[in-house]
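Trainee: Pasting a structure here, questions to come.
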Amino acid sequence: MAMVTWKDEYSIGVTEIDEQHKKLFEIVNRMQVLLCDELILDKYDSIIAIINELKEYTIYHFKTEEEYMIKIGYKKLFSQKVLHHDFVEKINSIDLSQIDNDQNNYLNEILYFVCDWLVTHILKEDKLINA
Ligand SMILES: [Fe+2]
């Protein structure tokens, strides 16, 4: 299983934000462990719990990031806010009633989306904050 890990190249040079990004990767990792766990027959409750954790932590993290951008007078604050908002909307739009149909497939899709979004967002947007 290829683990989704935080890499040095993801550092934006702001400790608090880097630490929060690491925590997001840690949540994504646990999603991956859950996905690959063949011993749990019904993952429904675990999937709901981890999606909720991801949602709550992401909202908290975006708030921290946006406050930092305000503090330093970052010019692209508004476009970051839109991207953050869209991500939360996407997570909120997950249809939890669909999870029971094919749990692993569903979790895999969410995992892929979150991981891809996170890496791209850090490298293409967050890296510019402190550049
Ligand atoms: Fe961001």
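Letters for chains follow the order of the structure tokens (A, B, ...), residue numbers begin at 1 for each chain, and ligand numbers begin at 1 in the order shown.
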Just list as a count of residues only whatever in stretch 16-88 of chain A DSSP marks as helix (DSSP H, G or I).
Mentor: 62
Trainee: Determine, counting only C-alpha atoms, which protein, DNA and RNA residues have an atom within 12 Å of an atom of A:His85; residues of the same chain fewer than 4 positions away are not included. Present the result as a ChimeraX atom specification.
Mentor: /A:55,58-59,62-63,66,78-81,89-92
Trainee: Measuring atom to atom with only C-alpha atoms and all ligand atoms, identify which of A:Leu83, A:Ile94, A:Ala131, A:Val14 is nearest to ligand 1.
Mentor: A:Leu83
Trainee: Identify, on the basis of only C-alpha atoms, every residue whose closest approach to A:Glu67 does not exceed 12 Å; exclude the query and any residue fewer than 2 positions from it along the same chain; express the result as a count of residues only.
Mentor: 19
Trainee: Within 7 Å of A:Asp126, counting only C-alpha atoms, which residues show up once you throw out same-chain ones fewer than 4 positions away? Write them as a list of chain:residue names, please.
Mentor: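 Everything that qualifies: A:Ile12, A:His121, A:Ile122.
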Trainee: Please provide as a compact mmCIF listing (two decimals) with N, CA and C atoms, in the first residue's frame all residues within 9 Å of stretch 22-35 of chain A, with the sequence filter that same-chain residues fewer than 2 positions apart are discarded (counting only C-alpha atoms).
Mentor:
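Output file around-v6.txt is given in full below:
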# COMPACT_ATOMS: atom_id res chain seq x y z
N MET A 1 0.85 -1.20 0.00
CA MET A 1 0.00 0.00 0.00
C MET A 1 0.88 1.25 0.00
N ALA A 2 0.73 2.05 -1.00
CA ALA A 2 1.51 3.30 -1.07
C ALA A 2 0.88 4.32 -0.13
N MET A 3 1.66 4.71 0.86
CA MET A 3 1.12 5.66 1.83
C MET A 3 1.16 7.08 1.28
N VAL A 4 0.14 7.82 1.65
CA VAL A 4 0.09 9.22 1.25
C VAL A 4 0.83 10.00 2.34
N THR A 5 1.99 10.49 2.00
CA THR A 5 2.77 11.15 3.04
C THR A 5 3.11 12.60 2.69
N TRP A 6 3.26 13.37 3.74
CA TRP A 6 3.70 14.75 3.60
C TRP A 6 5.17 14.73 3.21
N LYS A 7 5.55 15.60 2.28
CA LYS A 7 6.95 15.66 1.88
C LYS A 7 7.50 17.07 2.15
N ILE A 17 0.99 26.30 9.73
CA ILE A 17 0.27 25.79 8.55
C ILE A 17 0.85 24.45 8.09
N ASP A 18 2.17 24.34 8.10
CA ASP A 18 2.79 23.05 7.73
C ASP A 18 2.33 21.93 8.66
N GLU A 19 2.27 22.22 9.94
CA GLU A 19 1.83 21.20 10.91
C GLU A 19 0.38 20.78 10.64
N GLN A 20 -0.44 21.75 10.29
CA GLN A 20 -1.85 21.43 9.99
C GLN A 20 -1.95 20.62 8.70
N ASP A 37 -8.25 -2.19 4.80
CA ASP A 37 -8.51 -3.16 5.87
C ASP A 37 -9.57 -4.16 5.41
N GLU A 38 -9.13 -5.41 5.23
CA GLU A 38 -10.06 -6.43 4.73
C GLU A 38 -10.78 -7.16 5.85
N ILE A 40 -12.48 -5.61 8.34
CA ILE A 40 -13.73 -4.94 8.73
C ILE A 40 -14.76 -5.17 7.62
N LYS A 43 -17.80 -1.00 7.06
CA LYS A 43 -16.99 0.18 7.36
C LYS A 43 -17.82 1.46 7.49
N SER A 46 -17.17 3.86 10.42
CA SER A 46 -15.80 4.38 10.35
C SER A 46 -15.66 5.41 9.23
N ILE A 47 -16.32 5.15 8.11
CA ILE A 47 -16.25 6.09 6.97
C ILE A 47 -16.91 7.41 7.36
N ILE A 50 -14.65 9.34 9.81
CA ILE A 50 -13.44 9.94 9.24
C ILE A 50 -13.77 11.09 8.29
N ILE A 51 -14.89 10.99 7.60
CA ILE A 51 -15.31 12.10 6.74
C ILE A 51 -15.65 13.32 7.61
N GLU A 53 -14.43 13.96 10.58
CA GLU A 53 -13.17 14.47 11.13
C GLU A 53 -12.45 15.31 10.07
N LEU A 54 -12.41 14.80 8.86
CA LEU A 54 -11.76 15.53 7.76
C LEU A 54 -12.43 16.89 7.56
N TYR A 57 -11.72 19.26 10.59
CA TYR A 57 -10.33 19.72 10.65
C TYR A 57 -10.01 20.66 9.48
N THR A 58 -10.59 20.35 8.32
CA THR A 58 -10.35 21.20 7.16
C THR A 58 -10.89 22.61 7.38
N HIS A 61 -8.59 24.33 9.69
CA HIS A 61 -7.33 24.65 9.00
C HIS A 61 -7.48 25.84 8.04
N GLN A 103 -18.88 0.26 -0.36
CA GLN A 103 -18.12 1.07 0.59
C GLN A 103 -16.68 1.35 0.16
N ASN A 104 -15.99 0.33 -0.28
CA ASN A 104 -14.59 0.52 -0.64
C ASN A 104 -14.43 1.42 -1.85
N ASN A 105 -15.29 1.22 -2.82
CA ASN A 105 -15.23 2.04 -4.02
C ASN A 105 -15.52 3.50 -3.69
N LEU A 107 -15.18 5.01 -0.72
CA LEU A 107 -14.08 5.54 0.07
C LEU A 107 -12.88 5.85 -0.82
N ASN A 108 -12.64 4.98 -1.77
CA ASN A 108 -11.53 5.17 -2.70
C ASN A 108 -11.70 6.45 -3.51
N LEU A 111 -11.11 9.42 -1.18
CA LEU A 111 -9.68 9.46 -0.86
C LEU A 111 -8.88 10.04 -2.02
N VAL A 114 -9.61 13.86 -2.33
CA VAL A 114 -9.03 14.65 -1.24
C VAL A 114 -7.51 14.73 -1.39
N CYS A 115 -6.90 13.60 -1.69
CA CYS A 115 -5.45 13.54 -1.80
C CYS A 115 -4.96 14.41 -2.95
N LEU A 118 -5.52 18.14 -2.12
CA LEU A 118 -4.60 18.61 -1.09
C LEU A 118 -3.20 18.89 -1.66
Trainee: Which residue, A:His21, A:Gln98, A:Ser93, A:Ile110, has the smallest gap to ligand 1 when you use only C-alpha atoms and all ligand atoms?
Mentor: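 Of A:His21, A:Gln98, A:Ser93, A:Ile110, the one nearest ligand 1 is A:His21, counting only C-alpha atoms and all ligand atoms.
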Trainee: For ligand 1, which of A:Asp45, A:Glu125, A:Asp116, A:Asp8 is the closest residue, counting only C-alpha atoms and all ligand atoms?
Mentor: A:Glu125
Trainee: Quick check, in Å to one decimal: how far apart do atom CA of A:Tyr44 and atom CA of A:Phe87 lie?
Mentor: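 Separation of atom CA of A:Tyr44 and atom CA of A:Phe87: 22.3 Å.
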Trainee: Report the distance between atom CA of A:Leu128 and atom CA of A:Ser11 in Å, rounded to one decimal place.
Mentor: 11.0 Å
Trainee: What's the separation between atom CA of A:Asp95 and atom CA of A:Phe113, in Å to one decimal place?
Mentor: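 Taking atom CA of A:Asp95 and atom CA of A:Phe113, their separation equals 14.6 Å.
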Trainee: Between A:Val88, A:Asp102, A:Leu96, A:Tyr112, which one has atoms that come closest to ligand 1, using only C-alpha atoms and all ligand atoms?
Mentor: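 Ranking A:Val88, A:Asp102, A:Leu96, A:Tyr112 by distance to ligand 1, first place goes to A:Val88.
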Trainee: Counting only C-alpha atoms and all ligand atoms, which residue out of A:Asn101, A:Thr120, A:Thr15, A:Asn52 sits closest to ligand 1?
Mentor: A:Thr120
